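Everything below concerns the one structure shown next.
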Amino acid sequence: MYGWIWRHLPGNTWARALISLVLVLAVVYVLFQYVFPWAEPLLPFNDVTVDNQ
Amino acid sequence: MAATTDHEEHTGARASSRAPRRRGGGRIAAAVSFFGELLITAGLILGLFVAYSLWWTNVVADREADKQGDKVRDHWAEDRGPVGLDTKDGIGFLHVPAMKNGEVLVKKGTSTKSLNDGIAGYYTDPVKSALPQDKKGNFSLAAHRDGHGAQFHNIDKLKKGDAIVFETKDNWYVYKVYATLPETSKFNVKVLAPIPKESGKKKAGRYITLTTCTPVFTSRYRYVVWGELERVEKVNDERTPPPELR
């Protein structure tokens, strides 16, 4: 998978490394901004109140 | 010279011996390595999720709580006239010296959304909280144990006799812890009752209840701390804190 992505990136090794870094940062951003905030309430780690539910 | 030839021969031999093996089990090898990469990816994502919940949510929540706290203080500073509580932006600040976490803004409601701003909320549901200035009742609060500001992280450091001070625009309400319940069911809403019987109290009084989740990093149970009002001090012009906070 990663090998396939690497082979399909344009440019020489440096350009590919740079693009890879940008892709990784983009993925981390999407995870922190959208995926984790969505997933967190579904997981039983952070319910702090007492309630009837 | 001889060495290089040797080397070339060697690599040549290796390449030719590898080529047919690759053609033979290539599909299985590719599937296995793809599966392995998926597992590595899953591990990295879980690691990132831990970083998100224990670090990043604190960064975001602290920033937001500071902003909202400053706003409340600005409001207080602006209008020196009428006495009263501003419930929309927050009713005041909770200071618990034993938790060593500075001041915690307290706002109405315990929805996940507002607690995620790194504040403490007073209950409106399932049992409506009293407010500190009420003659009788239970001022019940909830905040996060981990992540999102983790305002009640050190709730287990609170011992009998420790001070819980609530600061409003005009008063310092000084409570003293008299009972703790280190583990209870999340369905135990009786801990929020106006007279919390489980803490050993029989008569109506002015109580404060802090709730959060326990053990740390999970929310299997709830941790409860009860305090009783000891005295009320007027806020002076310099907002000198009561001796408990000095």
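Ordering of the structure tokens sets the chain letters (A, B, ...), residue numbers begin anew at 1 in every chain, and ligands are numbered from 1 in the order given.
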ask   = What residues in chain A lie within 7 Å of chain B, counting only C-alpha atoms, written as a list in words?
value = Met1, Phe32, Phe36, Pro44, Phe45, Asn46, Asp47, Val48, Thr49, Val50, Asp51 and Asn52 of chain A
message = Taking 4 positions as the minimum chain separation for residues in the same chain, which residues sit within 7 Å of B:Tyr178 when counting only C-alpha atoms? Answer as a ChimeraX atom specification.
response = /B:160-161,226-228
Take the residues from that selection and put them in a file with C-alpha atoms, as a compact mmCIF listing (two decimals), in the first residue's frame.
# COMPACT_ATOMS: atom_id res chain seq x y z
CA LYS B 160 -12.17 15.48 54.48
CA GLY B 161 -11.72 19.07 55.61
CA TRP B 226 -19.51 16.36 49.01
CA GLY B 227 -18.88 19.61 50.83
CA GLU B 228 -20.88 21.80 53.13
